[in-house]
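Working notes for the structure below.
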Amino acid sequence: NIRPFLPPELIIQDELHLITGPLGTVYGAYETIIEDMCIHDGIKPKYVVSTATIKNAEAQTRCLYARKNTTQFPPNGFEIGDSFFIREISVEDDPFRKYVGVCAHGQSVKTALLRVYAIILQAAYTYSLQDEYKDVIDPYYSLVGYFNSIRELGGAVRLLQDDIPKRIYRIKNKYGLDKQRYLNHNVEITSRMSSYKIPEKLNQLETTCDSKDCLDTAIATNMIAVGMDVDRLGLMVVTGHPKQNSEYIQATSRIGRSYPGLVVTLYNPYRPRDLSHYENFTGYHAQLYRFVEGTTATPFSARARDRVLHALVISAIRLHFPEFASNDGAAAIDKLTDEQLNEVKALIMNRLNIIKPSAKADAEHEIDDFISNWKLLATQSKGLRYYVYTTKMYNRLMNTYGEVCTDLEKPTLRSMRDVESAANMFYYTED
């Protein structure tokens with residue numbers, strides 16, 4: 001009797017190039033529990049993973065999803081220009097995205113930035129007033145400014161308030177233009193703003209230039225490198241080359257989707273890396289995807305286990321055994337049998353066999369220590385809960401990472417991105 005093949009009921013799609021670094025490390029660990037929840041009749045889920053900028057996709061897939069067998073689609077064809085699935089089209093036939101490099105030797109970056117912004121903004125406005133360009137100028141009317149840090153972005157905010165409008169006024173007088181562009185609608189898309197406001201700002205970017213509410217500029221950090229899918233945009237200025245080439249590709253691909261895009265990259269001549277990219281500008285941009293770095297994720301490294309291993313154990317116990325699921329189930333840990341504990345261990349160890357076999361012994365020892373401390377905490381006079389807001393009536397097994405934790409409380413992440421808490425620095429002076 002041959003059992004018929006049952007296709008997986010769940011297909012999960014992700015963008016692999018985004019799941020890297022601390023985020024990928026924590027995500028890869030939690031995927032242990034997520035995949036276990038998705039198994040149906042012993043069949044694991046099938047992952048369909050899209051990626052635009054990645055080199056070591058096979059190694060990354062093994063770290064994140066513990067899968068040894070991967071297939072890349074579309075496969076390579078016989079010809080590089082026509083692989084049946086993808087056909088190369090000349091940029092003369094279908095203009096795509098044009099990159100322009102600016103490096104102002106002998107000038108500060110702020111001086112170069114305000115002059116580049118001023119001439120681009122005024123030129124777009126001047127073209128919008130001419131009948132022959134009215135139908136094509138809209139994608140280039142709103143300027144997207146990309147910055148590598150909030151500090152650099154903060155300097156641009158000040159320039160947009162004062163120096164750039166003054167420079168636009170000088171340009172108008174110098175070239176005898178009829179009208180000057182006034183920057184009345186400028187927005188900032190960074191982590192400094194509330195998360196609920198970000199969708200509102202992104203919707204504003206879709207407002208066309210024939211509306212009085214059209215944005216003049218939208219300056220942002222790497223928050224827009226993903227998730228900003230506004231087909232209207234066609235103009236961007238990147239200040240300083242991003243630390244990763246994949247970030248540069250992702251950020252600049254926000255524009256030029258429906259219309260030909262123009263990316264002006266403003267390099268800092270006092271940074272050797274920026275200067276190197278400027279000197280090799282043509283060759284680098286002709287083979288942009290060749291320089292993408294390999295991504296990294298280490299789900300079961302020592303420091304990653306410190307952050308998430310206890311959470312995996314707690315999740316597995318609560319999901320596998322209903323009597324431990326409720327908040328007060330934490331106090332019943334003594335009822336956990338050796339068979340149940342071995343089942344939880346096997347879930348994690350089987351994954352470690354594929355991802356990092358060398359860490360099995362350490363991980364098993366850490367799980368045993370955690371269970372022992374859990375049982376010790378359950379014997380104290382206060383009742384035990386997985387988590388409560390205050391500890392006046394109950395002890396808690398977990399506490400928010402970054403808060404002050406007792407020796408028996410486990411600091412637990414609430415976000416996969418906040419792997420390292422910020423450290424405050426105080427400066428004291430002697431009187």
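In the structure tokens, the first chain shown is A, the next is B, and so on; residue numbers restart at 1 for each chain, and ligands run from 1 in the order shown.
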With only C-alpha atoms as the counted atoms, please give the residues lying no more than 9 Å from range 98-112 of chain A, apart from itself and same-chain residues fewer than 4 positions off, as an MDAnalysis selection string. chainID A and resid 116:117 155:156 159 239 256 260:270 274:275 278 281 285
As number ranges by chain, please: every residue in range 182-275 of chain A that DSSP puts in alpha helix (DSSP H). A: 198-204, 245-252, 272-275
All strand (DSSP E or B) positions in range 24-148 of chain A, as a list in words: His40, Ile43, Lys46, Tyr47, Val48, Val49, Ser50, Asp82, Arg87, Arg97, Lys98, Tyr99, Val100, Gly101, Val102, Cys103, Leu143, Val144, Gly145, Tyr146 and Phe147 of chain A
Can I get the selection written as a compact mmCIF listing (two decimals), in the first residue's frame, with C-alpha atoms?
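part-v1.txt, written as the output of this step:
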# COMPACT_ATOMS: atom_id res chain seq x y z
CA HIS A 40 -0.16 18.67 8.92
CA ILE A 43 3.99 16.92 6.22
CA LYS A 46 6.44 24.32 1.61
CA TYR A 47 8.28 27.63 1.49
CA VAL A 48 8.17 29.83 -1.58
CA VAL A 49 10.79 32.49 -0.90
CA SER A 50 11.26 35.46 -3.18
CA ASP A 82 16.71 35.04 -23.00
CA ARG A 87 14.05 38.22 -21.57
CA ARG A 97 16.55 53.75 -14.22
CA LYS A 98 19.44 56.15 -14.77
CA TYR A 99 22.13 56.75 -12.15
CA VAL A 100 24.07 60.00 -11.89
CA GLY A 101 27.04 60.45 -9.54
CA VAL A 102 28.00 63.78 -7.97
CA CYS A 103 31.16 64.28 -5.92
CA LEU A 143 11.92 64.41 -4.72
CA VAL A 144 12.75 61.44 -2.47
CA GLY A 145 15.86 62.01 -0.37
CA TYR A 146 17.62 58.96 1.04
CA PHE A 147 20.01 59.17 4.01
So that I can see what lies close to Asp306 in chain A, please list as a ChimeraX atom specification the residues with an atom at most 12 Å from it, counting only C-alpha atoms and leaving out residues fewer than 2 positions away in the same chain. /A:26,29,299-304,308-312,362-363,366-367,370,401,410-413,419-420
Separation of CA of Asp369 in chain A from CA of Leu341 in chain A, in Å and rounded to one decimal: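 So the two atoms, CA of Asp369 in chain A and CA of Leu341 in chain A, lie 12.6 Å apart.
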From the set A:Ala66, A:Val230, A:Leu319, A:Ile120, which residue has the shortest atom-to-atom contact distance to Met349 in chain A, counting only C-alpha atoms?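 Among the listed residues, the smallest separation from Met349 in chain A belongs to A:Ala66.
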Measuring atom to atom with only C-alpha atoms, identify which of A:Glu152, A:Glu15, A:Asp328, A:Asp36 is nearest to Ser315 in chain A.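 Among the listed residues, A:Asp36 lies closest to Ser315 in chain A.
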May I have the residues within 10 Å of Ile19 in chain A as a ChimeraX atom specification, using only C-alpha atoms and disregarding those fewer than 6 positions away in the same chain? /A:25-28,60,64,295-297
Output of the above residues as a PDB file, in the first residue's frame, restricted to N, CA, C and O atoms:
ATOM      1  N   THR A  25      18.514  36.276  12.485  1.00  0.00           N
ATOM      2  CA  THR A  25      18.944  35.354  13.533  1.00  0.00           C
ATOM      3  C   THR A  25      17.782  34.986  14.447  1.00  0.00           C
ATOM      4  O   THR A  25      17.536  33.811  14.737  1.00  0.00           O
ATOM      5  N   VAL A  26      17.055  36.002  14.918  1.00  0.00           N
ATOM      6  CA  VAL A  26      15.930  35.743  15.822  1.00  0.00           C
ATOM      7  C   VAL A  26      14.796  35.053  15.074  1.00  0.00           C
ATOM      8  O   VAL A  26      14.159  34.124  15.585  1.00  0.00           O
ATOM      9  N   TYR A  27      14.547  35.489  13.847  1.00  0.00           N
ATOM     10  CA  TYR A  27      13.478  34.876  13.049  1.00  0.00           C
ATOM     11  C   TYR A  27      13.765  33.396  12.802  1.00  0.00           C
ATOM     12  O   TYR A  27      12.875  32.551  12.891  1.00  0.00           O
ATOM     13  N   GLY A  28      15.016  33.067  12.480  1.00  0.00           N
ATOM     14  CA  GLY A  28      15.373  31.679  12.221  1.00  0.00           C
ATOM     15  C   GLY A  28      15.146  30.789  13.426  1.00  0.00           C
ATOM     16  O   GLY A  28      14.779  29.615  13.296  1.00  0.00           O
ATOM     17  N   GLN A  60      21.437  30.556   3.305  1.00  0.00           N
ATOM     18  CA  GLN A  60      20.485  31.351   4.069  1.00  0.00           C
ATOM     19  C   GLN A  60      19.205  30.561   4.323  1.00  0.00           C
ATOM     20  O   GLN A  60      18.625  30.616   5.418  1.00  0.00           O
ATOM     21  N   LEU A  64      17.583  29.619   8.045  1.00  0.00           N
ATOM     22  CA  LEU A  64      16.267  30.132   8.432  1.00  0.00           C
ATOM     23  C   LEU A  64      15.210  29.038   8.523  1.00  0.00           C
ATOM     24  O   LEU A  64      14.380  29.032   9.439  1.00  0.00           O
ATOM     25  N   THR A 295      24.431  37.392   2.764  1.00  0.00           N
ATOM     26  CA  THR A 295      23.712  37.710   3.994  1.00  0.00           C
ATOM     27  C   THR A 295      24.087  36.721   5.091  1.00  0.00           C
ATOM     28  O   THR A 295      24.600  35.638   4.831  1.00  0.00           O
ATOM     29  N   THR A 296      23.810  37.097   6.330  1.00  0.00           N
ATOM     30  CA  THR A 296      24.171  36.264   7.466  1.00  0.00           C
ATOM     31  C   THR A 296      22.994  36.095   8.400  1.00  0.00           C
ATOM     32  O   THR A 296      22.205  37.018   8.605  1.00  0.00           O
ATOM     33  N   ALA A 297      22.885  34.908   8.966  1.00  0.00           N
ATOM     34  CA  ALA A 297      21.908  34.624  10.014  1.00  0.00           C
ATOM     35  C   ALA A 297      22.471  33.476  10.844  1.00  0.00           C
ATOM     36  O   ALA A 297      22.885  32.458  10.292  1.00  0.00           O
TER      37      ALA A 297
END
Point-to-point distance from CA of Tyr394 in chain A to CA of Phe324 in chain A, Å rounded to tenths: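 Taking CA of Tyr394 in chain A as the start and CA of Phe324 in chain A as the end point, the length is 16.8 Å.
Compared by their closest atoms to Thr379 in chain A, and using only C-alpha atoms, the residues A:Val313, A:Ala332, A:Leu183, A:Ile86 rank with A:Ala332 nearest.
CA of Thr208 in chain A sits 20.7 Å away from CA of Phe96 in chain A.
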Which residues are near Thr337 in chain A? Cut-off 12 Å, only C-alpha atoms, ignore same chain within fewer than 4 positions. Put them as a ChimeraX atom specification. /A:317,321,332-333,341-344,371
Could you give me, as a list in words, the residues within 12 Å of Tyr389 in chain A, counting only C-alpha atoms and dropping anything in the same chain fewer than 4 positions from it?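 Selected residues are Arg385, Met393, Tyr394, Asn395, Arg396, Leu397, Met398, Asn399, Thr400 and Glu403 of chain A.
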Nearest residue to Arg62 in chain A out of A:Glu31, A:Asp162, A:Asp368, A:Glu247, using only C-alpha atoms? A:Glu31
Using only C-alpha atoms, can you tell me which of A:Ala346, A:Asn222, A:Leu376, A:Gly383 comes closest to Glu364 in chain A? A:Ala346
